>>> print(open('final.cif').read())   # mmCIF, C-alpha atoms
data_work
#
loop_
_atom_site.label_atom_id
_atom_site.label_comp_id
_atom_site.auth_asym_id
_atom_site.auth_seq_id
_atom_site.Cartn_x
_atom_site.Cartn_y
_atom_site.Cartn_z
CA MET Z 24 47.38 -78.43 -91.80
CA ASN Z 25 45.91 -80.77 -89.19
CA PRO Z 26 42.05 -80.73 -89.40
CA SER Z 27 41.69 -79.71 -85.76
CA ASN Z 28 44.19 -76.89 -86.21
CA LEU Z 29 42.38 -75.81 -89.38
CA SER Z 30 39.16 -75.57 -87.36
CA LEU Z 31 40.79 -73.45 -84.68
CA SER Z 32 42.37 -71.16 -87.26
CA THR Z 33 39.11 -70.72 -89.16
CA ARG Z 34 37.09 -70.05 -86.03
CA LEU Z 35 39.71 -67.55 -84.89
CA HIS Z 36 38.88 -65.47 -87.97
CA SER Z 37 35.17 -65.62 -87.14
CA LEU Z 38 35.67 -63.43 -84.04
CA VAL Z 39 33.59 -60.26 -83.92
CA ILE Z 40 33.68 -58.96 -80.34
CA PHE Z 41 37.30 -59.98 -79.75
CA ARG Z 42 38.48 -59.36 -83.30
CA SER Z 43 41.42 -57.29 -82.07
CA LEU Z 44 43.04 -60.59 -81.06
CA LEU Z 45 43.90 -61.11 -84.73
CA GLN Z 46 46.40 -58.25 -84.41
CA ASP Z 47 48.00 -59.62 -81.24
CA PRO Z 48 51.66 -60.68 -81.84
CA VAL Z 49 51.30 -63.91 -79.86
CA VAL Z 50 48.09 -64.89 -81.66
CA LYS Z 51 49.74 -64.13 -85.02
CA GLU Z 52 52.54 -66.53 -84.15
CA LEU Z 53 49.93 -69.10 -83.11
CA GLU Z 54 48.29 -68.81 -86.54
CA ARG Z 55 51.67 -69.39 -88.17
CA LEU Z 56 52.07 -72.50 -86.04
CA PHE Z 57 48.61 -73.73 -87.06
CA SER Z 58 49.57 -73.48 -90.72
CA SER Z 59 53.02 -75.08 -90.31
CA SER Z 60 51.86 -78.72 -90.37
CA GLY Z 61 53.23 -80.35 -93.50
CA ASN Z 62 56.01 -77.82 -93.86
CA THR Z 63 59.69 -78.65 -93.60
CA PRO Z 64 61.03 -79.55 -90.13
CA THR Z 65 62.92 -76.26 -90.02
CA GLU Z 66 59.76 -74.25 -90.78
CA LEU Z 67 57.81 -76.21 -88.20
CA VAL Z 68 60.41 -75.67 -85.49
CA ASP Z 69 60.69 -72.01 -86.41
CA ALA Z 70 56.91 -71.52 -86.07
CA TRP Z 71 56.86 -73.40 -82.76
CA SER Z 72 59.75 -71.43 -81.31
CA GLY Z 73 58.36 -68.14 -82.67
CA PHE Z 74 55.14 -68.69 -80.74
CA CYS Z 75 57.04 -69.57 -77.56
CA SER Z 76 59.30 -66.55 -77.92
CA GLN Z 77 56.37 -64.13 -78.19
CA LEU Z 78 54.38 -65.83 -75.40
CA PHE Z 79 57.28 -66.19 -72.95
CA ALA Z 80 57.96 -62.45 -73.14
CA HIS Z 81 54.75 -62.13 -71.09
CA THR Z 82 54.11 -65.48 -69.39
CA VAL Z 83 54.68 -69.19 -69.91
CA ASN Z 84 50.95 -69.89 -69.50
CA TRP Z 85 48.97 -69.63 -72.76
CA SER Z 86 45.57 -69.81 -71.01
CA ASP Z 87 46.44 -66.92 -68.68
CA TYR Z 88 47.76 -64.84 -71.56
CA LEU Z 89 44.62 -65.28 -73.64
CA LEU Z 90 42.36 -64.42 -70.70
CA ASN Z 91 44.37 -61.26 -69.97
CA ARG Z 92 44.11 -60.15 -73.59
CA ILE Z 93 40.33 -60.43 -73.70
CA THR Z 94 39.83 -58.72 -70.33
CA GLU Z 95 41.96 -55.78 -71.49
CA SER Z 96 40.12 -55.50 -74.79
CA GLU Z 97 38.20 -52.32 -75.58
CA ASN Z 98 35.51 -54.00 -77.66
CA ILE Z 99 31.95 -53.43 -78.85
CA TYR Z 100 30.46 -55.52 -76.05
CA VAL Z 101 32.19 -53.54 -73.28
CA LEU Z 102 31.19 -50.24 -74.88
CA ALA Z 103 27.60 -51.46 -75.14
CA CYS Z 104 27.68 -52.41 -71.45
CA CYS Z 105 28.83 -48.89 -70.55
CA LYS Z 106 25.79 -47.53 -72.40
CA ASN Z 107 23.44 -50.19 -70.97
CA ASP Z 108 22.65 -51.19 -74.56
CA VAL Z 109 23.53 -54.89 -74.95
CA SER Z 110 21.31 -56.53 -77.54
CA PRO Z 111 20.39 -60.26 -77.48
CA THR Z 112 22.42 -60.69 -80.67
CA LEU Z 113 25.51 -59.28 -79.01
CA GLN Z 114 24.90 -61.38 -75.91
CA ASN Z 115 24.75 -64.57 -77.99
CA CYS Z 116 27.85 -63.52 -79.88
CA LEU Z 117 29.72 -63.14 -76.59
CA LYS Z 118 28.68 -66.64 -75.50
CA TRP Z 119 29.86 -68.23 -78.74
CA GLU Z 120 33.19 -66.44 -78.71
CA LEU Z 121 33.93 -67.24 -75.06
CA ASP Z 122 33.14 -70.91 -75.77
CA PHE Z 123 35.69 -70.88 -78.58
CA LEU Z 124 38.34 -68.92 -76.68
CA GLN Z 125 38.10 -71.31 -73.74
CA GLU Z 126 38.72 -74.19 -76.15
CA LEU Z 127 41.57 -72.28 -77.78
CA SER Z 128 43.14 -71.63 -74.36
CA GLN Z 129 43.66 -75.40 -74.00
CA PHE Z 130 45.77 -75.69 -77.15
CA SER Z 131 48.97 -77.38 -75.99
CA GLY Z 132 50.49 -78.35 -79.34
CA GLU Z 133 50.48 -82.04 -78.44
CA GLU Z 134 49.32 -83.10 -81.91
CA ILE Z 135 52.13 -81.15 -83.51
CA VAL Z 136 54.74 -82.50 -81.09
CA SER Z 137 53.62 -86.06 -81.77
CA GLN Z 138 54.50 -85.59 -85.42
CA MET Z 139 58.01 -84.40 -84.62
CA GLN Z 140 60.98 -86.67 -84.26
CA PHE Z 141 63.87 -84.48 -83.22
CA ASP Z 142 66.88 -85.38 -81.13
CA PHE Z 143 66.64 -82.15 -79.14
CA PRO Z 144 63.92 -80.84 -76.81
CA LEU Z 145 61.51 -78.08 -77.77
CA PRO Z 146 60.24 -75.52 -75.26
CA ARG Z 147 56.73 -76.19 -73.95
CA TRP Z 148 54.13 -73.78 -72.68
CA GLU Z 149 51.59 -74.30 -69.92
CA CYS Z 150 47.80 -74.36 -70.02
CA SER Z 151 45.31 -73.94 -67.18
CA GLN Z 152 41.70 -74.92 -66.68
CA ILE Z 153 39.92 -71.55 -66.65
CA ASP Z 154 36.19 -70.83 -66.88
CA PHE Z 155 36.26 -67.98 -69.39
CA HIS Z 156 32.54 -67.25 -68.96
CA GLN Z 157 32.89 -66.86 -65.19
CA GLU Z 158 36.09 -64.83 -65.42
CA TYR Z 159 34.71 -62.45 -68.04
CA SER Z 160 31.50 -61.96 -66.08
CA HIS Z 161 33.59 -61.10 -63.02
CA TYR Z 162 35.63 -58.67 -65.13
CA LEU Z 163 32.50 -56.89 -66.36
CA GLN Z 164 31.33 -56.45 -62.79
CA GLN Z 165 34.60 -54.65 -61.98
CA LEU Z 166 34.61 -52.25 -64.92
CA SER Z 167 34.06 -49.26 -62.64
CA GLN Z 168 37.28 -50.09 -60.75
CA LYS Z 169 39.55 -51.65 -63.36
CA GLY Z 170 38.34 -50.08 -66.59
CA TYR Z 171 38.94 -51.44 -70.09
CA GLY Z 172 41.47 -50.99 -72.87
CA ILE Z 173 44.30 -48.59 -72.00
CA PHE Z 174 42.42 -47.57 -68.84
CA ALA Z 175 42.85 -51.12 -67.52
CA GLN Z 176 46.61 -50.92 -68.05
CA TYR Z 177 47.46 -47.34 -67.04
CA SER Z 178 46.31 -44.80 -64.45
CA PHE Z 179 48.05 -41.60 -65.63
CA PHE Z 180 47.60 -39.95 -69.02
CA THR Z 181 48.66 -36.90 -70.98
CA VAL Z 182 47.08 -35.44 -74.11
CA LYS Z 183 48.75 -35.46 -77.52
CA ASP Z 184 47.01 -34.20 -80.65
CA GLY Z 185 43.67 -34.38 -78.87
CA ALA Z 186 44.08 -38.05 -77.91
CA LEU Z 187 44.98 -39.68 -74.62
CA CYS Z 188 48.56 -40.88 -74.27
CA PRO Z 189 49.32 -43.22 -71.33
CA VAL Z 190 52.19 -42.43 -68.96
CA LYS Z 191 53.91 -45.78 -68.57
CA TYR Z 192 56.20 -44.78 -65.71
CA PRO Z 193 54.58 -41.95 -63.71
CA ASP Z 194 56.79 -40.20 -61.19
CA CYS Z 195 54.67 -39.38 -58.17
CA GLN Z 196 54.88 -39.62 -54.41
CA THR Z 197 52.57 -41.65 -52.23
CA LEU Z 198 50.32 -40.04 -49.64
CA GLN Z 199 52.49 -41.57 -46.94
CA GLU Z 200 55.50 -39.67 -48.26
CA LEU Z 201 53.80 -36.28 -47.99
CA SER Z 202 54.25 -34.36 -44.76
CA GLY Z 203 52.44 -31.29 -43.46
CA TYR Z 204 49.29 -29.72 -44.93
CA GLU Z 205 47.16 -32.57 -43.58
CA ARG Z 206 44.02 -30.41 -43.41
CA GLU Z 207 44.47 -29.13 -46.97
CA ARG Z 208 45.24 -32.60 -48.31
CA GLN Z 209 42.20 -34.09 -46.55
CA GLN Z 210 39.94 -31.68 -48.45
CA VAL Z 211 41.31 -33.03 -51.73
CA ILE Z 212 40.87 -36.61 -50.52
CA ASP Z 213 37.28 -35.99 -49.37
CA ASN Z 214 36.34 -34.36 -52.68
CA THR Z 215 37.92 -37.22 -54.62
CA GLU Z 216 36.09 -39.82 -52.56
CA ALA Z 217 32.82 -38.01 -53.32
CA LEU Z 218 33.62 -38.28 -57.04
CA LEU Z 219 34.28 -42.01 -56.74
CA LYS Z 220 31.01 -42.54 -54.86
CA GLY Z 221 29.02 -40.70 -57.51
CA ALA Z 222 28.22 -37.85 -55.11
CA PRO Z 223 28.53 -34.19 -56.16
CA ALA Z 224 32.23 -33.30 -56.42
CA ALA Z 225 33.74 -29.85 -56.93
CA ASN Z 226 36.32 -28.60 -59.37
CA VAL Z 227 39.33 -27.73 -57.19
CA LEU Z 228 41.91 -24.95 -57.32
CA LEU Z 229 45.02 -25.55 -55.21
CA TYR Z 230 46.60 -22.16 -54.75
CA GLY Z 231 49.80 -21.28 -52.94
CA ASP Z 232 53.52 -20.72 -52.88
CA ALA Z 233 55.86 -22.74 -55.06
CA GLY Z 234 57.17 -25.98 -53.58
CA THR Z 235 54.38 -26.44 -51.05
CA GLY Z 236 53.20 -29.76 -52.53
CA LYS Z 237 50.14 -28.80 -54.58
CA SER Z 238 50.99 -30.95 -57.60
CA SER Z 239 52.34 -33.74 -55.42
CA THR Z 240 49.04 -33.81 -53.54
CA VAL Z 241 46.98 -34.24 -56.70
CA LYS Z 242 49.23 -36.96 -58.12
CA ALA Z 243 49.49 -38.82 -54.82
CA VAL Z 244 45.71 -38.80 -54.40
CA ALA Z 245 45.28 -40.04 -57.97
CA ALA Z 246 47.73 -42.89 -57.38
CA ALA Z 247 46.11 -43.84 -54.07
CA PHE Z 248 42.63 -44.11 -55.59
CA ALA Z 249 43.60 -45.67 -58.91
CA PRO Z 250 42.64 -49.19 -57.69
CA LYS Z 251 39.15 -47.81 -56.95
CA GLY Z 252 38.63 -46.58 -60.50
CA LEU Z 253 40.29 -43.15 -60.63
CA ARG Z 254 42.38 -41.99 -63.59
CA LEU Z 255 44.35 -38.74 -63.95
CA ILE Z 256 44.66 -36.84 -67.24
CA GLU Z 257 47.23 -34.04 -67.20
CA VAL Z 258 46.66 -31.30 -69.77
CA LYS Z 259 48.64 -28.20 -70.63
CA LYS Z 260 46.97 -24.82 -70.65
CA SER Z 261 47.45 -24.65 -74.43
CA GLN Z 262 45.43 -27.86 -74.82
CA LEU Z 263 42.29 -26.63 -73.08
CA TYR Z 264 40.47 -26.07 -76.36
CA GLN Z 265 40.75 -29.82 -77.05
CA ILE Z 266 39.04 -30.77 -73.81
CA PRO Z 267 35.32 -30.67 -74.81
CA SER Z 268 35.72 -33.46 -77.38
CA LEU Z 269 37.89 -35.43 -74.96
CA VAL Z 270 35.27 -35.11 -72.23
CA ASP Z 271 32.59 -36.31 -74.63
CA SER Z 272 34.63 -39.46 -75.32
CA LEU Z 273 34.78 -40.21 -71.58
CA ALA Z 274 31.13 -39.50 -70.77
CA ASN Z 275 30.04 -43.15 -70.80
CA ASN Z 276 33.23 -44.53 -69.29
CA PRO Z 277 32.52 -46.27 -65.94
CA LEU Z 278 35.75 -44.89 -64.43
CA LYS Z 279 36.20 -41.50 -62.76
CA PHE Z 280 38.65 -38.88 -64.05
CA ILE Z 281 40.66 -35.94 -62.75
CA LEU Z 282 41.51 -33.41 -65.44
CA PHE Z 283 44.72 -31.95 -64.02
CA ILE Z 284 46.10 -28.54 -65.04
CA ASP Z 285 49.39 -27.68 -63.35
CA ASP Z 286 50.76 -24.18 -62.76
CA LEU Z 287 47.78 -22.37 -64.24
CA SER Z 288 47.80 -18.66 -65.07
CA PHE Z 289 46.57 -16.45 -67.91
CA SER Z 290 47.18 -13.09 -69.45
CA THR Z 291 44.10 -10.94 -70.02
CA ASN Z 292 44.11 -11.50 -73.78
CA ASP Z 293 44.70 -15.22 -73.51
CA ASP Z 294 42.34 -17.32 -75.69
CA ASP Z 295 42.79 -20.28 -73.34
CA PHE Z 296 41.08 -18.25 -70.62
CA ALA Z 297 37.73 -18.59 -72.39
CA ALA Z 298 38.27 -22.32 -72.87
CA LEU Z 299 38.80 -22.92 -69.15
CA LYS Z 300 35.89 -20.67 -68.26
CA ALA Z 301 33.59 -22.73 -70.50
CA ILE Z 302 34.80 -25.98 -68.93
CA LEU Z 303 34.25 -24.76 -65.38
CA GLU Z 304 30.86 -23.22 -66.13
CA GLY Z 305 29.34 -26.49 -67.14
CA SER Z 306 30.75 -28.00 -70.30
CA VAL Z 307 32.41 -30.62 -68.10
CA SER Z 308 30.29 -31.07 -64.99
CA GLY Z 309 27.07 -30.33 -66.85
CA ARG Z 310 27.49 -33.18 -69.29
CA THR Z 311 29.22 -35.82 -67.25
CA SER Z 312 29.46 -36.60 -63.56
CA ASN Z 313 32.57 -38.77 -63.86
CA LEU Z 314 35.10 -35.96 -64.30
CA VAL Z 315 36.37 -32.99 -62.27
CA VAL Z 316 39.04 -30.38 -62.88
CA TYR Z 317 41.93 -30.03 -60.43
CA ALA Z 318 44.26 -27.09 -61.10
CA THR Z 319 47.27 -25.67 -59.27
CA SER Z 320 48.41 -22.07 -59.40
CA ASN Z 321 50.77 -19.71 -57.65
CA ARG Z 322 48.31 -16.89 -58.37
CA ARG Z 323 45.12 -16.44 -56.39
CA HIS Z 324 43.28 -14.75 -59.25
CA LEU Z 325 44.97 -16.71 -62.07
CA ILE Z 326 45.12 -13.60 -64.29
CA LYS Z 327 48.41 -11.78 -64.79
CA GLU Z 328 47.36 -8.15 -64.45
CA THR Z 329 49.35 -5.11 -65.52
CA LEU Z 330 48.81 -1.47 -64.66
CA SER Z 331 47.43 -0.89 -68.14
CA ASP Z 332 44.82 -3.57 -67.50
CA ARG Z 333 43.51 -1.59 -64.55
CA GLN Z 334 43.70 1.74 -66.42
CA GLY Z 335 42.38 0.45 -69.74
CA ASP Z 336 39.93 2.32 -71.90
CA ASP Z 337 37.36 -0.48 -71.95
CA ILE Z 338 33.98 1.18 -71.51
CA HIS Z 339 32.97 -1.81 -69.45
CA LEU Z 340 36.26 -1.94 -67.56
CA ALA Z 341 34.61 -2.76 -64.23
CA ASP Z 342 32.71 -5.68 -65.75
CA THR Z 343 35.85 -6.93 -67.52
CA MET Z 344 37.96 -6.86 -64.38
CA GLN Z 345 35.17 -8.52 -62.43
CA GLU Z 346 35.13 -11.39 -64.91
CA LEU Z 347 38.89 -11.77 -64.84
CA MET Z 348 39.20 -11.66 -61.07
CA SER Z 349 36.36 -14.09 -60.48
CA LEU Z 350 37.67 -16.94 -62.59
CA SER Z 351 39.03 -18.68 -59.49
CA ALA Z 352 35.56 -18.44 -57.95
CA ARG Z 353 34.31 -20.77 -60.66
CA PHE Z 354 36.19 -23.55 -58.93
CA GLY Z 355 33.84 -25.02 -56.38
CA LEU Z 356 36.66 -25.50 -53.91
CA THR Z 357 39.80 -23.38 -53.45
CA ILE Z 358 42.51 -24.72 -51.13
CA THR Z 359 45.38 -22.50 -50.05
CA TYR Z 360 48.90 -23.87 -49.55
CA SER Z 361 50.86 -21.19 -47.67
CA ARG Z 362 54.61 -21.27 -47.17
CA PRO Z 363 55.30 -23.04 -43.82
CA ASP Z 364 56.62 -21.18 -40.79
CA LYS Z 365 59.73 -22.41 -39.00
CA ASP Z 366 57.94 -24.95 -36.77
CA ALA Z 367 55.93 -26.42 -39.66
CA TYR Z 368 59.03 -26.57 -41.86
CA LEU Z 369 61.08 -28.40 -39.22
CA SER Z 370 58.20 -30.78 -38.56
CA ILE Z 371 58.27 -31.71 -42.24
CA VAL Z 372 62.05 -32.17 -42.05
CA HIS Z 373 61.66 -34.50 -39.05
CA ASP Z 374 59.00 -36.58 -40.82
CA LEU Z 375 61.15 -36.92 -43.93
CA ALA Z 376 64.22 -37.78 -41.86
CA ARG Z 377 62.29 -40.69 -40.34
CA LEU Z 378 60.97 -41.73 -43.75
CA TYR Z 379 64.44 -41.70 -45.33
CA GLU Z 380 66.08 -43.10 -42.19
CA VAL Z 381 68.44 -40.18 -41.66
CA ASP Z 382 70.28 -40.65 -38.37
CA MET Z 383 71.31 -37.23 -37.05
CA GLU Z 384 70.96 -35.44 -33.75
CA GLN Z 385 67.85 -33.22 -33.94
CA THR Z 386 69.53 -29.93 -33.00
CA GLN Z 387 72.14 -30.42 -35.70
CA LEU Z 388 69.45 -31.50 -38.17
CA ASP Z 389 67.37 -28.40 -37.46
CA THR Z 390 70.35 -26.05 -37.79
CA ARG Z 391 71.40 -27.51 -41.11
CA ALA Z 392 67.81 -27.57 -42.39
CA GLU Z 393 67.38 -23.88 -41.62
CA ALA Z 394 70.67 -23.04 -43.30
CA HIS Z 395 69.64 -25.05 -46.35
CA ALA Z 396 66.33 -23.16 -46.55
CA ILE Z 397 68.12 -19.80 -46.41
CA ARG Z 398 70.42 -20.82 -49.26
CA HIS Z 399 67.59 -22.20 -51.40
CA GLY Z 400 64.92 -19.53 -51.41
CA GLY Z 401 63.09 -20.12 -48.15
CA ARG Z 402 61.17 -22.82 -46.32
CA SER Z 403 58.94 -25.24 -48.22
CA PRO Z 404 58.24 -28.99 -48.35
CA ARG Z 405 60.22 -29.17 -51.59
CA VAL Z 406 63.26 -27.56 -49.97
CA ALA Z 407 62.89 -29.88 -46.98
CA LYS Z 408 62.87 -32.94 -49.24
CA GLN Z 409 65.86 -31.68 -51.20
CA PHE Z 410 67.72 -31.17 -47.93
CA ILE Z 411 67.00 -34.69 -46.67
CA GLN Z 412 67.93 -36.19 -50.03
CA SER Z 413 71.20 -34.28 -49.97
CA LEU Z 414 71.98 -35.78 -46.56
CA LYS Z 415 71.33 -39.26 -47.90
CA THR Z 416 73.58 -38.56 -50.88
CA GLN Z 417 76.38 -37.34 -48.62
CA HIS Z 418 75.98 -40.43 -46.45
CA HIS Z 419 76.45 -42.77 -49.42
CA THR Z 420 79.43 -40.97 -50.93
#
>>> encode(input="final.cif", output="structure tokens")
Amino acid sequence: MNPSNLSLSTRLHSLVIFRSLLQDPVVKELERLFSSSGNTPTELVDAWSGFCSQLFAHTVNWSDYLLNRITESENIYVLACCKNDVSPTLQNCLKWELDFLQELSQFSGEEIVSQMQFDFPLPRWECSQIDFHQEYSHYLQQLSQKGYGIFAQYSFFTVKDGALCPVKYPDCQTLQELSGYERERQQVIDNTEALLKGAPAANVLLYGDAGTGKSSTVKAVAAAFAPKGLRLIEVKKSQLYQIPSLVDSLANNPLKFILFIDDLSFSTNDDDFAALKAILEGSVSGRTSNLVVYATSNRRHLIKETLSDRQGDDIHLADTMQELMSLSARFGLTITYSRPDKDAYLSIVHDLARLYEVDMEQTQLDTRAEAHAIRHGGRSPRVAKQFIQSLKTQHHT
């Protein structure tokens, strides 16, 4: 191995803060290239091409790739920054490692190429002059908007076995694609902006008829504010008992989070009812100010009541029913999405027709939209969108 390559390889293994780089596929191929000097020409070419193959899957610029990897790293220094607990030892360690990584980012393989005498060209990668200290300092200043680790790469998450699972390809509308319910949607936007500013923000219940855009509103708002540091975590009702530990893990995160529960309802003997009640009564907002609960429901009181519930033999029946019926009151803000009347429904149809560039005389459009609503369970934004999409499909067939 070339002495300079030996030095780089040895120093690479001295990393503490950025130690996760040792598991990076591109860096692993770089190590193999470092150790290939003195090997057979075939082994040398294989190591060279292996590094290029891994790197080129992301970028042709090695300096850019290395910088991106360290600014996406969830490491001990970033976590210490989130807790305002960076020791001088850790600060010095960061300086040493950034010095080395800046040097490593300039590795062009020239010394290896100079030893080769092949009658065919080898692929070459690019390097850039980047101030790693300045770039990492800038990254740390933007933690509250860009996040770290998986939060720097993704904006939407689900929960699996108590751990966050990123949604790589979320399917959600933009705010510009939503029509109608401007007043209701603005309340969600205002509350979300308060959360992002660090002001008191309420847990929100979006209640109303099916297809009125409750879930779409939450997801569109989350997508719109993702660049400002908002992340959405969608949980199922059956996962509510896992939430306290999840919330604890996010308490020191500089980002803001919406815990989203879609289509929420309970039966009176539902164990998950107590879990949600505990979350809303303070186990979330009382311990951390960077997370709120947004839930949607088609039921105003969330509890599925039966006649036997009302006629039960509970000696404290009145108190029990009071507790069940007041669960929705534990949301600081309840927003009602009612089924649109004819004028509101047609207004939504007109907006969507413009958005999807449907060219049809308005009287004919209105007549067909009304007929579509009758055949599909009544007027709603969802039915309006399905109608417009059906027109587009017919146009292209």
>>> closest_residue(input="final.cif", among="Z:Val68, Z:Thr82, Z:Val39, Z:Leu166", to="Thr94 of chain Z", atoms="all atoms listed in the file")
Z:Leu166
>>> residues_around(input="final.cif", residues="segment 399-414 of chain Z", least_positions_apart="5", cutoff="6 Å", atoms="only C-alpha atoms", output="JSON, numbers by chain")
{"Z": [234, 235, 362, 372]}
>>> write_last_selection(input="final.cif", atoms="C-alpha atoms", output="mmCIF file, keeping the file's coordinate frame")
data_model
loop_
_atom_site.group_PDB
_atom_site.id
_atom_site.type_symbol
_atom_site.label_atom_id
_atom_site.label_comp_id
_atom_site.auth_asym_id
_atom_site.auth_seq_id
_atom_site.Cartn_x
_atom_site.Cartn_y
_atom_site.Cartn_z
ATOM 1 C CA GLY Z 234 57.170 -25.980 -53.580
ATOM 2 C CA THR Z 235 54.380 -26.440 -51.050
ATOM 3 C CA ARG Z 362 54.610 -21.270 -47.170
ATOM 4 C CA VAL Z 372 62.050 -32.170 -42.050
#
>>> residues_around(input="final.cif", residues="Gln168 of chain Z", least_positions_apart="6", cutoff="7 Å", atoms="only C-alpha atoms", output="list in words")
Pro250, Lys251, Gly252 and Leu278 of chain Z
>>> resolve_selection(input="final.cif", expression="the PyMOL selection byres ((chain Z and resi 359) around 8)", output="list in words")
Glu207, Leu229, Tyr230, Gly231, Thr357, Ile358, Tyr360 and Ser361 of chain Z
>>> atom_distance(input="final.cif", atom1="atom CA of Ser96 of chain Z", atom2="atom CA of Ala224 of chain Z")
29.9 Å
>>> atom_distance(input="final.cif", atom1="atom CA of Leu287 of chain Z", atom2="atom CA of Pro223 of chain Z")
24.0 Å
>>> atom_distance(input="final.cif", atom1="atom CA of Glu52 of chain Z", atom2="atom CA of Gly73 of chain Z")
6.2 Å
>>> residues_around(input="final.cif", residues="Tyr379 of chain Z", least_positions_apart="2", cutoff="8 Å", atoms="all atoms listed in the file", output="list in words")
Leu375, Ala376, Arg377, Val381, Ile411 and Lys415 of chain Z
>>> residues_around(input="final.cif", residues="Leu273 of chain Z", least_positions_apart="3", cutoff="12 Å", atoms="all atoms listed in the file", output="PDB file with C-alpha atoms, keeping the file's coordinate frame")
ATOM      1  CA  LEU Z 102      31.190 -50.240 -74.880  1.00  0.00           C
ATOM      2  CA  CYS Z 105      28.830 -48.890 -70.550  1.00  0.00           C
ATOM      3  CA  LYS Z 106      25.790 -47.530 -72.400  1.00  0.00           C
ATOM      4  CA  GLY Z 170      38.340 -50.080 -66.590  1.00  0.00           C
ATOM      5  CA  PHE Z 174      42.420 -47.570 -68.840  1.00  0.00           C
ATOM      6  CA  ALA Z 186      44.080 -38.050 -77.910  1.00  0.00           C
ATOM      7  CA  LEU Z 187      44.980 -39.680 -74.620  1.00  0.00           C
ATOM      8  CA  ARG Z 254      42.380 -41.990 -63.590  1.00  0.00           C
ATOM      9  CA  ILE Z 256      44.660 -36.840 -67.240  1.00  0.00           C
ATOM     10  CA  ILE Z 266      39.040 -30.770 -73.810  1.00  0.00           C
ATOM     11  CA  PRO Z 267      35.320 -30.670 -74.810  1.00  0.00           C
ATOM     12  CA  SER Z 268      35.720 -33.460 -77.380  1.00  0.00           C
ATOM     13  CA  LEU Z 269      37.890 -35.430 -74.960  1.00  0.00           C
ATOM     14  CA  VAL Z 270      35.270 -35.110 -72.230  1.00  0.00           C
ATOM     15  CA  ASN Z 276      33.230 -44.530 -69.290  1.00  0.00           C
ATOM     16  CA  PRO Z 277      32.520 -46.270 -65.940  1.00  0.00           C
ATOM     17  CA  LEU Z 278      35.750 -44.890 -64.430  1.00  0.00           C
ATOM     18  CA  LYS Z 279      36.200 -41.500 -62.760  1.00  0.00           C
ATOM     19  CA  PHE Z 280      38.650 -38.880 -64.050  1.00  0.00           C
ATOM     20  CA  ILE Z 281      40.660 -35.940 -62.750  1.00  0.00           C
ATOM     21  CA  LEU Z 282      41.510 -33.410 -65.440  1.00  0.00           C
ATOM     22  CA  VAL Z 307      32.410 -30.620 -68.100  1.00  0.00           C
ATOM     23  CA  ARG Z 310      27.490 -33.180 -69.290  1.00  0.00           C
ATOM     24  CA  THR Z 311      29.220 -35.820 -67.250  1.00  0.00           C
ATOM     25  CA  SER Z 312      29.460 -36.600 -63.560  1.00  0.00           C
ATOM     26  CA  ASN Z 313      32.570 -38.770 -63.860  1.00  0.00           C
ATOM     27  CA  LEU Z 314      35.100 -35.960 -64.300  1.00  0.00           C
ATOM     28  CA  VAL Z 315      36.370 -32.990 -62.270  1.00  0.00           C
TER      29      VAL Z 315
END
>>> axis_aligned_box(input="final.cif", around="segment 400-417 of chain Z", padding_each_side="3 Å", output="JSON")
{"center_x": 67.3, "center_y": -29.4, "center_z": -49.0, "size_x": 24.1, "size_y": 25.7, "size_z": 11.3}
>>> closest_residue(input="final.cif", among="Z:Trp148, Z:Phe130, Z:Trp119, Z:Tyr177", to="Ala249 of chain Z", atoms="all atoms listed in the file")
Z:Tyr177
>>> resolve_selection(input="final.cif", expression="the PyMOL selection byres ((chain Z and resi 259) around 9)", output="list in words")
Thr181, Val182, Glu257, Val258, Lys260, Ser261, Gln262, Leu263, Phe283, Ile284, Asp285 and Leu287 of chain Z
>>> write_last_selection(input="final.cif", atoms="C-alpha atoms", output="PDB file, in the coordinates of the input")
ATOM      1  CA  THR Z 181      48.660 -36.900 -70.980  1.00  0.00           C
ATOM      2  CA  VAL Z 182      47.080 -35.440 -74.110  1.00  0.00           C
ATOM      3  CA  GLU Z 257      47.230 -34.040 -67.200  1.00  0.00           C
ATOM      4  CA  VAL Z 258      46.660 -31.300 -69.770  1.00  0.00           C
ATOM      5  CA  LYS Z 260      46.970 -24.820 -70.650  1.00  0.00           C
ATOM      6  CA  SER Z 261      47.450 -24.650 -74.430  1.00  0.00           C
ATOM      7  CA  GLN Z 262      45.430 -27.860 -74.820  1.00  0.00           C
ATOM      8  CA  LEU Z 263      42.290 -26.630 -73.080  1.00  0.00           C
ATOM      9  CA  PHE Z 283      44.720 -31.950 -64.020  1.00  0.00           C
ATOM     10  CA  ILE Z 284      46.100 -28.540 -65.040  1.00  0.00           C
ATOM     11  CA  ASP Z 285      49.390 -27.680 -63.350  1.00  0.00           C
ATOM     12  CA  LEU Z 287      47.780 -22.370 -64.240  1.00  0.00           C
TER      13      LEU Z 287
END
